[in-house]
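Trainee: Okay, so here is run-v7.cif, and as you'll see once you scroll down, it has mmCIF, C-alpha atoms.
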```cif
data_structure
#
loop_
_atom_site.group_PDB
_atom_site.id
_atom_site.type_symbol
_atom_site.label_atom_id
_atom_site.label_comp_id
_atom_site.auth_asym_id
_atom_site.auth_seq_id
_atom_site.Cartn_x
_atom_site.Cartn_y
_atom_site.Cartn_z
ATOM 1 C CA MET A 28 0.089 3.228 20.012
ATOM 2 C CA ASP A 29 -3.515 4.446 19.906
ATOM 3 C CA TYR A 30 -4.662 6.398 16.887
ATOM 4 C CA TYR A 31 -7.588 8.518 15.708
ATOM 5 C CA VAL A 32 -10.750 6.597 14.765
ATOM 6 C CA ASP A 33 -12.461 9.135 12.485
ATOM 7 C CA LEU A 34 -10.555 9.806 9.250
ATOM 8 C CA PHE A 35 -12.546 12.945 8.394
ATOM 9 C CA GLU A 36 -12.772 14.582 11.827
ATOM 10 C CA PRO A 37 -9.844 13.064 13.713
ATOM 11 C CA PHE A 38 -10.018 15.636 16.528
ATOM 12 C CA GLY A 39 -13.757 15.373 17.093
ATOM 13 C CA LYS A 40 -16.194 18.284 16.900
ATOM 14 C CA PRO A 41 -14.887 21.862 17.254
ATOM 15 C CA ASP A 42 -15.467 23.843 20.443
ATOM 16 C CA SER A 43 -17.682 26.956 20.614
ATOM 17 C CA VAL A 44 -14.920 29.103 19.074
ATOM 18 C CA GLY A 45 -14.357 26.634 16.205
ATOM 19 C CA ARG A 46 -11.041 25.224 17.447
ATOM 20 C CA PHE A 47 -10.191 21.545 17.406
ATOM 21 C CA ASP A 48 -8.362 19.805 20.216
ATOM 22 C CA PRO A 49 -6.196 16.807 19.190
ATOM 23 C CA ILE A 50 -6.485 15.435 22.731
ATOM 24 C CA ARG A 51 -10.296 15.085 22.466
ATOM 25 C CA GLY A 52 -10.302 12.898 19.340
ATOM 26 C CA LEU A 53 -11.456 9.288 19.786
ATOM 27 C CA ARG A 54 -8.612 6.776 19.523
ATOM 28 C CA GLU A 55 -8.175 3.023 19.188
ATOM 29 C CA LYS A 56 -5.368 0.512 18.715
ATOM 30 C CA PRO A 57 -4.487 -0.313 15.072
ATOM 31 C CA PRO A 58 -4.900 -3.885 13.759
ATOM 32 C CA VAL A 59 -2.095 -6.437 13.520
ATOM 33 C CA HIS A 60 -1.582 -8.061 10.095
ATOM 34 C CA VAL A 61 -0.265 -11.614 9.658
ATOM 35 C CA ARG A 62 -0.107 -13.521 6.362
ATOM 36 C CA LEU A 63 1.633 -16.552 4.851
ATOM 37 C CA GLN A 64 3.883 -15.727 1.900
ATOM 38 C CA PRO A 65 4.200 -18.899 -0.193
ATOM 39 C CA ARG A 66 6.403 -19.197 -3.264
ATOM 40 C CA LEU A 67 6.506 -22.019 -5.789
ATOM 41 C CA GLY A 68 8.754 -22.554 -8.798
ATOM 42 C CA ILE A 69 8.675 -25.473 -11.215
ATOM 43 C CA SER A 70 11.014 -26.043 -14.140
ATOM 44 C CA PHE A 71 11.398 -29.186 -16.208
ATOM 45 C CA PRO A 72 12.750 -30.184 -19.632
ATOM 46 C CA ILE A 73 10.248 -30.868 -22.397
ATOM 47 C CA SER A 74 12.956 -32.013 -24.800
ATOM 48 C CA SER A 75 16.746 -31.968 -24.902
ATOM 49 C CA THR A 76 16.679 -28.302 -26.058
ATOM 50 C CA THR A 77 13.514 -26.925 -24.412
ATOM 51 C CA VAL A 78 12.762 -26.145 -20.757
ATOM 52 C CA PHE A 79 9.338 -25.136 -19.394
ATOM 53 C CA HIS A 80 9.114 -22.965 -16.257
ATOM 54 C CA LEU A 81 6.292 -21.817 -13.999
ATOM 55 C CA ASN A 82 6.625 -19.541 -10.946
ATOM 56 C CA TYR A 83 4.175 -18.207 -8.364
ATOM 57 C CA GLY A 84 4.843 -15.938 -5.416
ATOM 58 C CA SER A 85 2.735 -14.208 -2.813
ATOM 59 C CA PHE A 86 4.395 -11.309 -0.993
ATOM 60 C CA MET A 87 3.460 -8.843 1.740
ATOM 61 C CA GLN A 88 5.204 -5.593 2.652
ATOM 62 C CA ARG A 89 4.226 -3.155 5.377
ATOM 63 C CA PRO A 90 3.813 0.500 4.429
ATOM 64 C CA SER A 91 6.684 2.832 5.267
ATOM 65 C CA PHE A 92 6.589 4.239 8.798
ATOM 66 C CA GLN A 93 6.158 7.780 7.452
ATOM 67 C CA TYR A 94 2.673 6.774 6.234
ATOM 68 C CA ILE A 95 1.740 4.920 9.416
ATOM 69 C CA VAL A 96 2.855 7.100 12.319
ATOM 70 C CA SER A 97 3.477 10.638 11.055
ATOM 71 C CA ARG A 98 1.786 13.147 13.356
ATOM 72 C CA ARG A 99 2.736 16.701 12.384
ATOM 73 C CA ILE A 100 -0.077 18.926 13.550
ATOM 74 C CA GLY A 101 -0.221 22.503 12.265
ATOM 75 C CA GLN A 102 -0.955 25.373 14.621
ATOM 76 C CA LEU A 103 -1.738 28.087 12.077
ATOM 77 C CA ARG A 104 -4.862 28.495 9.987
ATOM 78 C CA ASN A 105 -4.732 26.439 6.765
ATOM 79 C CA GLU A 106 -1.441 24.814 7.747
ATOM 80 C CA PRO A 107 -1.638 21.127 6.746
ATOM 81 C CA ILE A 108 -2.041 18.543 9.462
ATOM 82 C CA TYR A 109 -0.181 15.361 8.529
ATOM 83 C CA LEU A 110 -1.667 12.299 10.153
ATOM 84 C CA GLY A 111 -0.359 8.832 9.487
ATOM 85 C CA ASN A 112 -2.787 5.970 9.142
ATOM 86 C CA PRO A 113 -1.824 2.922 11.221
ATOM 87 C CA ARG A 114 -4.817 1.061 9.765
ATOM 88 C CA LEU A 115 -3.162 0.913 6.346
ATOM 89 C CA ARG A 116 -3.201 -2.654 5.128
ATOM 90 C CA PRO A 117 0.110 -4.184 4.066
ATOM 91 C CA GLU A 118 0.954 -4.049 0.370
ATOM 92 C CA THR A 119 0.279 -7.506 -1.083
ATOM 93 C CA THR A 120 1.551 -8.869 -4.382
ATOM 94 C CA ASN A 121 0.632 -12.051 -6.231
ATOM 95 C CA SER A 122 3.076 -12.736 -9.045
ATOM 96 C CA TYR A 123 2.817 -15.366 -11.807
ATOM 97 C CA ASP A 124 5.354 -16.241 -14.516
ATOM 98 C CA VAL A 125 5.079 -18.964 -17.156
ATOM 99 C CA GLY A 126 7.285 -19.626 -20.178
ATOM 100 C CA PHE A 127 9.871 -21.724 -21.890
ATOM 101 C CA VAL A 128 13.517 -21.526 -22.912
ATOM 102 C CA GLN A 129 14.535 -22.959 -26.299
ATOM 103 C CA ALA A 130 18.160 -23.604 -27.295
ATOM 104 C CA LEU A 131 18.688 -22.358 -30.850
ATOM 105 C CA GLY A 132 22.253 -23.577 -31.372
ATOM 106 C CA GLY A 133 25.484 -21.670 -31.561
ATOM 107 C CA GLY A 134 25.124 -20.634 -27.905
ATOM 108 C CA LEU A 135 21.862 -18.748 -28.523
ATOM 109 C CA THR A 136 18.648 -19.280 -26.579
ATOM 110 C CA LEU A 137 15.135 -17.929 -26.867
ATOM 111 C CA ASP A 138 13.294 -17.269 -23.591
ATOM 112 C CA VAL A 139 9.571 -16.529 -23.975
ATOM 113 C CA SER A 140 7.781 -15.661 -20.746
ATOM 114 C CA GLY A 141 4.429 -14.254 -19.813
ATOM 115 C CA TYR A 142 3.869 -12.734 -16.433
ATOM 116 C CA TYR A 143 1.112 -11.223 -14.362
ATOM 117 C CA LYS A 144 1.559 -9.168 -11.215
ATOM 118 C CA ASP A 145 -1.329 -8.074 -9.011
ATOM 119 C CA VAL A 146 -0.318 -5.447 -6.423
ATOM 120 C CA LYS A 147 -2.926 -4.415 -3.861
ATOM 121 C CA ASN A 148 -3.042 -1.806 -1.104
ATOM 122 C CA LEU A 149 -0.499 0.640 -2.516
ATOM 123 C CA VAL A 150 -0.320 3.855 -0.474
ATOM 124 C CA GLN A 151 -1.827 7.075 -1.772
ATOM 125 C CA GLN A 152 -2.278 10.438 -0.138
ATOM 126 C CA ALA A 153 -5.731 11.900 0.505
ATOM 127 C CA ASP A 154 -6.320 15.552 1.400
ATOM 128 C CA PHE A 155 -9.348 16.688 3.380
ATOM 129 C CA ILE A 156 -10.209 20.313 3.982
ATOM 130 C CA ASP A 157 -12.525 21.336 6.812
ATOM 131 C CA ASP A 158 -13.839 24.778 5.908
ATOM 132 C CA ARG A 159 -15.440 25.280 9.319
ATOM 133 C CA ALA A 160 -12.119 25.422 11.107
ATOM 134 C CA GLY A 161 -9.934 26.249 8.120
ATOM 135 C CA TYR A 162 -7.569 23.313 8.411
ATOM 136 C CA GLN A 163 -6.338 20.806 5.883
ATOM 137 C CA SER A 164 -5.718 17.206 6.863
ATOM 138 C CA VAL A 165 -3.443 14.928 4.830
ATOM 139 C CA ARG A 166 -4.179 11.196 5.188
ATOM 140 C CA PHE A 167 -2.830 8.104 3.507
ATOM 141 C CA SER A 168 -4.969 5.326 1.983
ATOM 142 C CA THR A 169 -4.455 2.428 -0.456
ATOM 143 C CA TRP A 170 -5.106 1.452 -4.119
ATOM 144 C CA THR A 171 -4.445 -1.495 -6.488
ATOM 145 C CA MET A 172 -2.247 -1.956 -9.599
ATOM 146 C CA ARG A 173 -2.158 -4.861 -12.076
ATOM 147 C CA ILE A 174 0.628 -5.533 -14.602
ATOM 148 C CA SER A 175 0.793 -8.158 -17.311
ATOM 149 C CA ALA A 176 3.076 -8.630 -20.284
ATOM 150 C CA VAL A 177 4.837 -11.118 -22.531
ATOM 151 C CA SER A 178 8.551 -10.855 -23.173
ATOM 152 C CA ALA A 179 11.065 -12.655 -25.361
ATOM 153 C CA LEU A 180 14.819 -12.442 -24.750
ATOM 154 C CA HIS A 181 17.646 -13.683 -26.958
#
```
Could you render the structure as structure tokens?
Mentor:
Amino acid sequence: MDYYVDLFEPFGKPDSVGRFDPIRGLREKPPVHVRLQPRLGISFPISSTTVFHLNYGSFMQRPSFQYIVSRRIGQLRNEPIYLGNPRLRPETTNSYDVGFVQALGGGLTLDVSGYYKDVKNLVQQADFIDDRAGYQSVRFSTWTMRISAVSALH
């Protein structure tokens, strides 16, 4: 499916009356995304009552179709025009976890783990208003989130 090239003026320049024509907008094919998604987990005993663990994972998830291919185009002045963005990059996550489990006796254990999660290309909505023609365009773009913490469970 071809899609609009210009994020800010998807329908090109207005005509002499100030109207935009969705047919006139420049279009191109969206990119294809391919990525390896490796995962690695290691766990080994340090002593008879202590186990060390280390995990790594790399994940990719495509954005929801509503953000990629939505194409509701308003016909009235100031009615929002919802355009998906097929050039959205897939959401990627790199996750790390390191810790140990210690047996305390009496059936109790202590699990201390630290983790770090780096999430990139999360979808966010962007609104653009073109005052010349009086229309509002809603687009979707991406952002990044990082999470880290240490937890202990009994």
Trainee: Enter the distance from atom CA of Ser85 of chain A to atom CA of Asp138 of chain A, in Å, rounded to one decimal.
Mentor: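 According to the coordinates, atom CA of Ser85 of chain A and atom CA of Asp138 of chain A are separated by 23.5 Å.
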Trainee: Residues picked by the PyMOL selection byres ((chain A and resi 136) around 12) here, as a PyMOL selection string?
Mentor: chain A and resi 76-78+127-135+137-139+179-181
Trainee: Starting from the displayed file, determine the output of the PyMOL selection byres ((chain A and resi 53) around 7) and express the residue list as a list in words.
Mentor: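 After applying the PyMOL selection byres ((chain A and resi 53) around 7), what remains is Tyr31, Val32, Arg51, Gly52 and Arg54 of chain A.
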Trainee: Next, the residues of the selection above should be written as a JSON list (two decimals), keeping the file's coordinate frame with C-alpha atoms.
Mentor:
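Result saved to result18.json:
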```
[["chain", "number", "residue", "atom", "x", "y", "z"],
["A", 31, "TYR", "CA", -7.59, 8.52, 15.71],
["A", 32, "VAL", "CA", -10.75, 6.60, 14.76],
["A", 51, "ARG", "CA", -10.30, 15.08, 22.47],
["A", 52, "GLY", "CA", -10.30, 12.90, 19.34],
["A", 54, "ARG", "CA", -8.61, 6.78, 19.52]]
```
Trainee: For a cutoff of 10 Å around the file-coordinate point (13.8, -25.7, -13.1), which residues qualify once you count only C-alpha atoms? I'd like the result as a ChimeraX atom specification.
Mentor: /A:68-72,78-82
Trainee: Return as an mmCIF file with C-alpha atoms, keeping the file's coordinate frame the set of residues that the PyMOL selection byres ((chain A and resi 96) around 8) yields on the displayed structure.
Mentor:
```cif
data_model
loop_
_atom_site.group_PDB
_atom_site.id
_atom_site.type_symbol
_atom_site.label_atom_id
_atom_site.label_comp_id
_atom_site.auth_asym_id
_atom_site.auth_seq_id
_atom_site.Cartn_x
_atom_site.Cartn_y
_atom_site.Cartn_z
ATOM 1 C CA PHE A 92 6.589 4.239 8.798
ATOM 2 C CA GLN A 93 6.158 7.780 7.452
ATOM 3 C CA TYR A 94 2.673 6.774 6.234
ATOM 4 C CA ILE A 95 1.740 4.920 9.416
ATOM 5 C CA SER A 97 3.477 10.638 11.055
ATOM 6 C CA ARG A 98 1.786 13.147 13.356
ATOM 7 C CA LEU A 110 -1.667 12.299 10.153
ATOM 8 C CA GLY A 111 -0.359 8.832 9.487
ATOM 9 C CA ASN A 112 -2.787 5.970 9.142
ATOM 10 C CA PRO A 113 -1.824 2.922 11.221
#
```
Trainee: Quick one: of A:Gly126, A:Pro41, A:Asn121, A:Arg66, who's nearest to Tyr143 of chain A, counting all atoms listed in the file?
Mentor: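 For Tyr143 of chain A, the nearest of the given residues is A:Asn121.
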Trainee: Counting all atoms listed in the file, which of A:Val150, A:Ile73, A:Val61, A:Met87 gets nearest to Ser122 of chain A?
Mentor: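 Using all atoms listed in the file, the shortest distance to Ser122 of chain A belongs to A:Met87.
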Trainee: Select, from A:Gly84, A:Pro117, A:Pro49, A:Pro90, the residue with the minimum atom-to-atom distance to Gln64 of chain A, counting only C-alpha atoms.
Mentor: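 When distances to Gln64 of chain A are compared using only C-alpha atoms, the smallest one comes from A:Gly84.
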Trainee: Rounded to one decimal place, report the atom CA of Gln88 of chain A-atom CA of Glu118 of chain A distance in Å.
Mentor: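 About the pair atom CA of Gln88 of chain A and atom CA of Glu118 of chain A: they are 5.1 Å apart.
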Trainee: Expressed in Å to a single decimal, how great is the separation between atom CA of Arg114 of chain A and atom CA of Pro37 of chain A?
Mentor: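 Between these atoms lies a distance of 13.6 Å.
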Trainee: Determine the nearest neighbour of Lys144 of chain A from the options A:Ser43, A:Lys56, A:Leu115, A:Tyr83, counting only C-alpha atoms.
Mentor: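 Closest residue, counting only C-alpha atoms: A:Tyr83.
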Trainee: Let me make sure I understand: among A:Gly141, A:Gln151, A:Val44, A:Phe86, which one has the smallest atom-to-atom distance to Thr120 of chain A if we use all atoms listed in the file?
Mentor: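 Distance minimum relative to Thr120 of chain A lands on A:Phe86.
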